[in-house]
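Peer 1: One structure follows; several queries about it will come next.
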Amino acid sequence: MKTGRGKAVFGNQVFSAALKTQPNRNLWKKELDMIHIEHLTKRYGDTVAVNDVSLDIEKGEVLGLLGPNGAGKTTTLRVLTGYLPPTDGTIRVGENDIRSDTLSIKGKIGYLPESAPLYQNMLVYDYLMDVAAIRGITPDRRMARVRELASICALENVMHKAIHELSKGYRQRVGLAHAMMSDPEILVLDEPTSGLDPNQIIEIREIIKEVGKEKTVIFSTHILSEAEATCDRIVIIHKGKIVADGATEELKQQASGRYTLSIKLTGTTEAVCKDVFRAVTGVFEVKTGAPEEGQVSLQLSCDAATDVRPSVYRIIRDKDWGLLEFHRESRSLETVFRELTKEN
Amino acid sequence: MTTKRIYPIFKREFGAYFVSPVAYIVISIFLILAGWFFFSTFFLYNQAELRNFFALLPLLFAFIIPAITMGLVADELNIGTYETLLTLPVSVSDVVVGKFLAALAFSAIMLAPTLIYAVSIAFLGDLDWGPVIGGFIGALFLAGAFAAIGIFASSLTKNQIIAFIIGTAICFVLTLIGKMLFFLPDSMLGFFQYISSDRHFQNIAKGVLDSRDFLYFISVMFLSLYLAALSMREKF
């Protein structure tokens, strides 16, 4: 106990000595900031896949990368994992630069490529043992580590099977075990749940959540509800650029700063309603919905800063129209996503 | 490039040969062809020597070795395991050298049973061991050079068959060019004679150990592996 305490005090002294020579903020940042993507650009010939993307990813964050097909998600992940060299800009992980220290960055990252490409003829056990060897795990610890991963990823029953015999879900889990082999600081998963059935999706999600408690996890996905359920932070990429970045709730609010109020009325006409409601402060646009016999349905697009509901209701009451429906639509991530990634 | 990183790759590739039937088929074809062509004329010549076997070997290797190496890179590119492999903490050169050593080790195992020819012939007559030992050493160098060429061919494409054809074509040209010198202009004779792998191999197989012949094989290996690494880096 005593020696332990002595060491701790010594450690503090070193720390405070370092404080004197360096500004406090920098030290704190060094502790937390793990991945810096700086002005990253990647071109394939004339096609720009990733266009001047900058992003700081904190240690221990679970980051969801969203975007339509061909937005540059996979390319960004491939540059980060050292598979593709960047055309311009760079990525730094801690102190290492992807251009010069590719190997040491690869050592820190566990990566599961899209659709988990694995050697088809190998047995799961042999494959994982080989990955352990390449990852530099000493022979005496390999077996224990492979066992541990088999239980985390629920692979115990298929260890003796060839990979091509496995179902998609099991293959994905072998890929996940491959990625987590060296207990990496950063786990990068490219569409880990694509092509799985709902049960398997939930299982993989549970594993991601569990790992995300201690590690930095970056994963790309098409499924918005999945990002909503698992991520601390969501980044939406469109045409190689970041179009939104933030916590799920933030993202819903910040998106174009509008919300929709839908109303259904009787005893009036569309033309009258349009004129009346457009005059209300905070209403940008009035759209009419599908007309029904004697009813008018309206969608008011409103400024998020002002709540227009009291004034709209007052108008309806004063005019003595019949009110059938009146509700404010909370914007789902899906609407945000569609708005941000629409063509043009 | 360190042995620490190359060894696991070598081990995996070498092991992978024996989990698929391709390895056994290739070894069988090689041994059947070599045995048939050699022993069908052996008793006619009535000489206790392996010269005919070694004369035959470059042609056999020219299509057997590219068959061994055709899938090494092409298959990884095709299935996508190339991405899983290269995002492990290894460099392209580790991968190339690891795969090359695996192909070379496999070729050595394929060649090993033919040592029995030498032993059995030694019982029949007075065998001169010098050219035999030279021949087997030369065969290893030849296999190495062709394996490196095959890996280069494999790194050019996702398709194993195309890789095999490109590899075989290059190996055949290098083997046969020494026999085509007759058609070439005098001014270029020296050059084509030098790049002929057959001539260098036959020198070693005669038991003449000249450093120039070894240098030739080593340069072919280095050049081909270097080109393979270049082509693998340019895959993106």
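All residue names refer to the structure tokens as shown: chains lettered A, B, ... in order, residues numbered from 1 in each chain, ligands numbered from 1 in order.
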Would you kindly report the residues of chain B within 12 Å of chain A, using only C-alpha atoms, as a ChimeraX atom specification?
Peer 2: /B:1-22,72,75-92,94-95,98,232-236
Peer 1: So that I have them on file, write out the residues from the current selection with C-alpha atoms, as a JSON list (two decimals), in the first residue's frame.
Peer 2:
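Ended up saving to part25.json:
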```json
[["chain", "number", "residue", "atom", "x", "y", "z"],
["B", 1, "MET", "CA", 9.49, -5.23, -42.73],
["B", 2, "THR", "CA", 10.21, -7.45, -39.75],
["B", 3, "THR", "CA", 10.12, -11.21, -39.34],
["B", 4, "LYS", "CA", 7.70, -10.68, -36.46],
["B", 5, "ARG", "CA", 5.09, -9.47, -38.92],
["B", 6, "ILE", "CA", 6.10, -11.59, -41.92],
["B", 7, "TYR", "CA", 6.04, -14.92, -40.09],
["B", 8, "PRO", "CA", 2.30, -14.98, -39.24],
["B", 9, "ILE", "CA", 1.47, -14.07, -42.84],
["B", 10, "PHE", "CA", 3.77, -16.78, -44.17],
["B", 11, "LYS", "CA", 2.27, -19.30, -41.78],
["B", 12, "ARG", "CA", -1.28, -18.45, -42.74],
["B", 13, "GLU", "CA", -0.62, -18.61, -46.49],
["B", 14, "PHE", "CA", 1.35, -21.82, -46.22],
["B", 15, "GLY", "CA", -1.37, -23.43, -44.11],
["B", 16, "ALA", "CA", -4.03, -22.17, -46.53],
["B", 17, "TYR", "CA", -2.44, -24.20, -49.37],
["B", 18, "PHE", "CA", -3.15, -27.43, -47.58],
["B", 19, "VAL", "CA", -6.74, -26.79, -46.53],
["B", 20, "SER", "CA", -7.89, -26.62, -50.14],
["B", 21, "PRO", "CA", -7.58, -29.50, -52.62],
["B", 22, "VAL", "CA", -5.77, -27.27, -55.14],
["B", 72, "LEU", "CA", -2.27, -15.24, -53.63],
["B", 75, "ASP", "CA", -8.24, -13.91, -54.59],
["B", 76, "GLU", "CA", -7.85, -11.44, -51.72],
["B", 77, "LEU", "CA", -8.76, -8.58, -54.04],
["B", 78, "ASN", "CA", -11.73, -10.56, -55.31],
["B", 79, "ILE", "CA", -13.22, -11.56, -51.94],
["B", 80, "GLY", "CA", -12.25, -8.30, -50.26],
["B", 81, "THR", "CA", -10.06, -9.89, -47.58],
["B", 82, "TYR", "CA", -7.33, -7.61, -48.88],
["B", 83, "GLU", "CA", -8.98, -4.85, -46.88],
["B", 84, "THR", "CA", -9.17, -6.88, -43.67],
["B", 85, "LEU", "CA", -5.54, -7.95, -44.12],
["B", 86, "LEU", "CA", -4.08, -4.52, -44.87],
["B", 87, "THR", "CA", -5.88, -2.80, -42.01],
["B", 88, "LEU", "CA", -4.11, -5.13, -39.60],
["B", 89, "PRO", "CA", -0.81, -3.66, -38.46],
["B", 90, "VAL", "CA", 1.20, -4.94, -41.46],
["B", 91, "SER", "CA", 2.70, -3.16, -44.45],
["B", 92, "VAL", "CA", 2.34, -4.08, -48.12],
["B", 94, "ASP", "CA", 5.31, -7.63, -45.23],
["B", 95, "VAL", "CA", 2.37, -9.13, -47.09],
["B", 98, "GLY", "CA", 5.16, -13.40, -46.52],
["B", 232, "MET", "CA", -0.74, -3.42, -54.71],
["B", 233, "ARG", "CA", -0.23, 0.12, -53.41],
["B", 234, "GLU", "CA", -1.72, 1.52, -56.60],
["B", 235, "LYS", "CA", -4.87, -0.58, -56.25],
["B", 236, "PHE", "CA", -6.78, 2.35, -54.81]]
```
Peer 1: Could you pull out the alpha helix (DSSP H) residues of stretch 52-269 of chain A from DSSP and send them as a ChimeraX atom specification?
Peer 2: /A:73-80,102-108,124-134,139-152,168-180,198-212,224-230,248-254
Peer 1: Find the residues near stretch 213-222 of chain A: any atom within 6 Å, counting only C-alpha atoms, skip ones fewer than 6 places away on the same chain, and give them as a list in words.
Peer 2: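 In the requested format, the answer is Lys59, Gly60, Glu61, Val62, Leu63, Gly64, Leu65, Leu66, Glu185, Ile186, Leu187, Val188, Leu189, Asp190 and Glu191 of chain A.
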Peer 1: Residues within 7 Å of B:Gly167, please, as a ChimeraX atom specification. Count only C-alpha atoms; anything in the same chain fewer than 2 positions from it doesn't count.
Peer 2: /B:66,149-150,153,163-165,169-171
Peer 1: Restrict the selected residues to N, CA and C atoms and save them as a tab-separated table (two decimals), in the first residue's frame.
Peer 2:
```
chain	number	residue	atom	x	y	z
B	66	PRO	N	3.12	-20.51	-61.64
B	66	PRO	CA	2.04	-19.50	-61.68
B	66	PRO	C	0.70	-20.05	-61.19
B	149	ILE	N	7.41	-13.71	-59.98
B	149	ILE	CA	6.71	-13.25	-61.19
B	149	ILE	C	5.22	-13.55	-61.07
B	150	GLY	N	4.90	-14.75	-60.57
B	150	GLY	CA	3.50	-15.13	-60.41
B	150	GLY	C	2.76	-14.22	-59.44
B	153	ALA	N	2.02	-11.06	-61.22
B	153	ALA	CA	0.88	-11.24	-62.13
B	153	ALA	C	-0.42	-11.26	-61.32
B	163	ALA	N	-4.55	-13.94	-63.94
B	163	ALA	CA	-3.26	-13.91	-63.24
B	163	ALA	C	-2.41	-15.10	-63.69
B	164	PHE	N	-3.03	-16.28	-63.82
B	164	PHE	CA	-2.31	-17.48	-64.22
B	164	PHE	C	-1.75	-17.32	-65.64
B	165	ILE	N	-2.58	-16.79	-66.54
B	165	ILE	CA	-2.15	-16.65	-67.93
B	165	ILE	C	-1.01	-15.63	-68.05
B	169	ALA	N	2.72	-16.68	-69.18
B	169	ALA	CA	3.27	-16.05	-70.38
B	169	ALA	C	4.66	-15.50	-70.09
B	170	ILE	N	4.80	-14.76	-68.99
B	170	ILE	CA	6.12	-14.18	-68.67
B	170	ILE	C	7.14	-15.29	-68.44
B	171	CYS	N	6.76	-16.32	-67.66
B	171	CYS	CA	7.71	-17.40	-67.34
B	171	CYS	C	8.11	-18.16	-68.61
```
Peer 1: Mind checking which residues fall within 8 Å of A:Thr87, counting only C-alpha atoms, ignoring those fewer than 3 positions away in the same chain, and posting them as an MDAnalysis selection string?
Peer 2: chainID A and resid 40:43
Peer 1: I'd like the neighbourhood of B:Ile218 as a list of chain:residue names, where a residue qualifies if any of its atoms comes within 9 Å (using only C-alpha atoms), though same-chain residues fewer than 6 positions away should be ignored.
Peer 2: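 Selected residues are B:Phe141, B:Gly144, B:Ala145.
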Peer 1: If you measure from atom CA of B:Gly71 to atom CA of B:Ile177, what distance in Å do you get, rounded to one decimal?
Peer 2: 26.6 Å
Peer 1: Can you measure atom CA of A:Thr75 to atom CA of A:Ile236 for me? One decimal in Å is fine.
Peer 2: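 Interatomic distance, atom CA of A:Thr75 to atom CA of A:Ile236: 14.1 Å.
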Peer 1: A:Asp245: which residues within 9 Å, counting only C-alpha atoms, same-chain residues fewer than 5 positions away excluded, as a count of residues only?
Peer 2: 7
